[in-house]
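Trainee: Sending over a structure as structure tokens; questions will come in a sec.
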Amino acid sequence: MSSLTAVQRGDLAEEMLPVAARLATIVHGDGGTLEVEQVLSVLDGREKDALIVVLAGLADPDRPLAALLGWLDFDEAGVPVEPAHDDRSTLRDLVERQDDDADAAALVDEVAVRRYLAGLQIQLSKPDRIAAILRGLSQGMEWHDLDRLSGLAKGSTYTFLLRERKAAALRGETLEWRTSIPQPLTEAQVIDIRERIADSEDVFKVAASHDISKSHAYRIARGEHYPHYGGPIREPNTGPATATQTIWAGRSGSAAKSLSPTDQDQVRARAQDGASAEELAAEFKVNTTTIREYAAS
């Protein structure tokens with residue numbers, strides 16, 4: 001209707017006023033669904049849009065709902081009901097409540113999100129937790145880092161966000177995320193990370209203070225990342241492998257680690273979301289062949 005001139009919109013509204021009146025009388029008892037269909041079937045899309053506006057114009061937003069809907073003494077199944085004659089709320093009240101609900105859902109406590117990502121144990125509302133998870137992923141944190149922030153079992157954060165994505169889809173909304181490559185660090189930041197880890201400071205806190213994942217901080221400390229920067233390099237672990245050795249057909253080797261059913265579901269879901277076999281193998285501490293087998297099953 002925005003393409004119409006003011007005069008054309010006025011003429012269309014006048015044309016739809018008798019139709020609106022007819023539809024109102026049908027709804028109030030002078031007809032049924034068949035009559036409603038007959039009235040609407042002869043209208044084109046533009047006329048239906050105009051009809052909606054005209055019908056809205058006939059309703060006083062400041063009248064109590066009891067006055068507007070008090071004539072309804074039956075439900076959708078035709079069962080008699082007692083109208084809520086004492087309801088003094090108005091149409092305008094409904095709009096304001098809806099706006100308040102939308103504002104509350106959209107409101108995110110930025111201070112709480114930053115404190116949470118810094119490793120502080122604080123309670124978050126659901127919108128705050130979702131915002132914190134998405135921000136952590138965008139800063140290069142990994143799923144198990146986010147699990148640890150909340151003191152949860154491995155895979156809990158991913159399961160939570162998957163459930164919220166499904167709920168958002170039912171509301172007609174989208175909830176998407178992707179991991180990203182961490183922003184480059186300066187030499188001063190790299191040295192700070194290496195020195196603090198060398199002093200046995202908690203690696204998770206060191207990583208959170210620089211908005212990177214724990215595994216990224218470990219690689220920096222070992223010199224795998226930023227080898228050209230200064231700071232103490234952590235020696236790699238040269239001790240014996242912890243994997244159980246097994247003998248099979250005369251050969252020795254590491255036993256293939258199996259994953260729990262929950263972890264298997266996580267691997268399949270993460271692989272479908274685009275996570276690489278290498279990334280999942282490092283997180284679940286199995287080889288890439290095992291990851292690919294579970295992802296394809």
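Ordering of the structure tokens sets the chain letters (A, B, ...); residue numbers start at 1 within each chain; ligands are numbered from 1 in the order shown.
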When you look at Glu47 (chain A) with a cut-off of 9 Å (counting only C-alpha atoms), what residues show up, excluding the ones that are within fewer than 6 positions of it in the same chain? I need them as an NGL selection string.
Mentor: :A and (12-13 or 15-16)
Trainee: Got a sec: who's within 9 Å of His216 (chain A), counting only C-alpha atoms, leaving out chain neighbours fewer than 6 positions off, as a list in words?
Mentor: Gly140, Met141, Pro182, Ala207 and His225 of chain A
Trainee: Write the residues of the selection above to a file with N, CA and C atoms, as a tab-separated table (two decimals), in the first residue's frame.
Mentor:
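Printed below is again.tsv as written:
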chain	number	residue	atom	x	y	z
A	140	GLY	N	37.85	-16.94	19.34
A	140	GLY	CA	38.75	-18.07	19.17
A	140	GLY	C	38.69	-19.10	20.27
A	141	MET	N	37.79	-18.95	21.25
A	141	MET	CA	37.65	-19.95	22.30
A	141	MET	C	37.08	-21.22	21.70
A	182	PRO	N	41.77	-16.48	15.81
A	182	PRO	CA	42.04	-15.41	16.76
A	182	PRO	C	42.78	-14.25	16.10
A	207	ALA	N	44.74	-17.33	29.09
A	207	ALA	CA	44.10	-17.30	27.78
A	207	ALA	C	42.92	-16.35	27.76
A	225	HIS	N	53.33	-21.33	18.06
A	225	HIS	CA	52.83	-20.10	17.47
A	225	HIS	C	53.78	-18.95	17.86
Trainee: Would you list the contacts of region 191-198 of chain A as a list in words, taking every protein, DNA or RNA residue within 6 Å and counting only C-alpha atoms, but skipping same-chain residues closer than 3 positions in sequence?
Mentor: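 Contacts, with the query itself left out: Ala188, Glu201, Ala221, Gly230, Gly231 and Pro232 of chain A.
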Trainee: Find the residues near region 291-296 of chain A: any atom within 9 Å, counting only C-alpha atoms, skip ones fewer than 2 places away on the same chain, and give them as a list in words.
Mentor: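 Listing them by chain and then by number gives Leu259, Gln264, Asp265, Val267, Arg268, Ala269, Arg270, Ala271, Gln272, Ala277, Glu278, Leu280, Ala281, Phe284, Val286, Asn287, Thr288 and Thr289 of chain A.
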Trainee: How many Å separate CA of Val108 (chain A) from CA of Asp128 (chain A)?
Mentor: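 If I compute the distance from CA of Val108 (chain A) to CA of Asp128 (chain A), I get 5.3 Å.
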